[in-house]
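Notes to accompany the following structure.
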Amino acid sequence: MKKINLRELYPDVYTTDFFIDVTEEVMETIRVAERAEAAYERKMYRYKAQYSLDCENGIENAVLLKPQTPEMVLEEKQFQEQVYAAVMKLPEKQAKRIYARYYLGMTVNEIAEVEGVDPSRVRDSIRRGLKQLAKYF
């Protein structure tokens, strides 16, 4: 058993020294968490995350973005379903092309090759479909 001071771990909660005995496993878990936090702070410093929110390494996002609540997840899912339903209301060719482009991740050239048409026709069809979708939202 090891003694730890809770004031060192939780200075906001414990204003005076408060010692408790913990097992070696708990102590090791605390040490691992402290090392992970120190490594994270070093990473933020090295990538200059404290200076720029435009940095591409994603560290700021980890700091700024909060985990999604179940309500947010539900709203996102409902919105995606609405978008999918709107896409399926488009004319068949436009719906297929938009589905292939944005849901399947195919490029315009790949879609054109599969359909045996010029890529400009696919591009124009997708553009017209997106304009129609903009009316729904």
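In the structure tokens, each chain is lettered A, B, ... as it comes, each chain's residues begin at 1, and ligands are numbered from 1 in order of appearance.
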
Can you list, as a PyMOL selection string, all residues belonging to segment 71-135 of chain A that DSSP tags as helix (DSSP H, G or I)? chain A and resi 71-88+92-103+108-115+119-135

Give me the residues within 10 Å of segment 98-105 of chain A as a ChimeraX atom specification, counting only C-alpha atoms and dropping any in the same chain fewer than 3 places off. /A:84,87-88,90,92-95,108,110-111,122-123,125-127,129-130

Can you list, as a list in words, every protein, DNA or RNA residue that comes within 12 Å of Phe79 of chain A when you count only C-alpha atoms, leaving out same-chain residues fewer than 6 positions away?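 The contact residues come out as Met72, Val73, Ala85, Ala86, Tyr136 and Phe137 of chain A.
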
Write the residues you've just listed into a file as a compact mmCIF listing (two decimals), in the first residue's frame, and include N, CA, C and O atoms for each of them.
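Listed below is the output, again-v5.txt:
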# COMPACT_ATOMS: atom_id res chain seq x y z
N MET A 72 -27.06 14.69 -29.92
CA MET A 72 -26.35 15.15 -31.10
C MET A 72 -26.19 14.04 -32.12
O MET A 72 -26.33 14.26 -33.33
N VAL A 73 -25.89 12.83 -31.65
CA VAL A 73 -25.74 11.68 -32.54
C VAL A 73 -27.06 11.39 -33.24
O VAL A 73 -27.09 11.15 -34.46
N ALA A 85 -32.83 10.67 -48.27
CA ALA A 85 -34.18 10.66 -48.85
C ALA A 85 -34.30 11.71 -49.94
O ALA A 85 -34.90 11.46 -50.99
N ALA A 86 -33.70 12.89 -49.73
CA ALA A 86 -33.74 13.94 -50.75
C ALA A 86 -32.97 13.53 -51.99
O ALA A 86 -33.41 13.79 -53.11
N TYR A 136 -34.00 21.86 -50.99
CA TYR A 136 -34.59 21.14 -49.86
C TYR A 136 -34.07 21.65 -48.52
O TYR A 136 -34.76 21.60 -47.52
N PHE A 137 -32.83 22.11 -48.52
CA PHE A 137 -32.19 22.48 -47.26
C PHE A 137 -31.84 23.94 -47.34
O PHE A 137 -31.39 24.67 -46.79

Give me the residues near segment 24-26 of chain A as number ranges by chain, where near means some atom within 10 Å (using only C-alpha atoms) and where sequence neighbours in that chain fewer than 6 positions away do not count. A: 1-2, 32

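Of all the residues in chain A, the ones DSSP labels as strand (DSSP E) from the backbone are Lys2, Lys3, Ile4, Asn5, Phe19, Ile20, Asp21 and Val22 of chain A.
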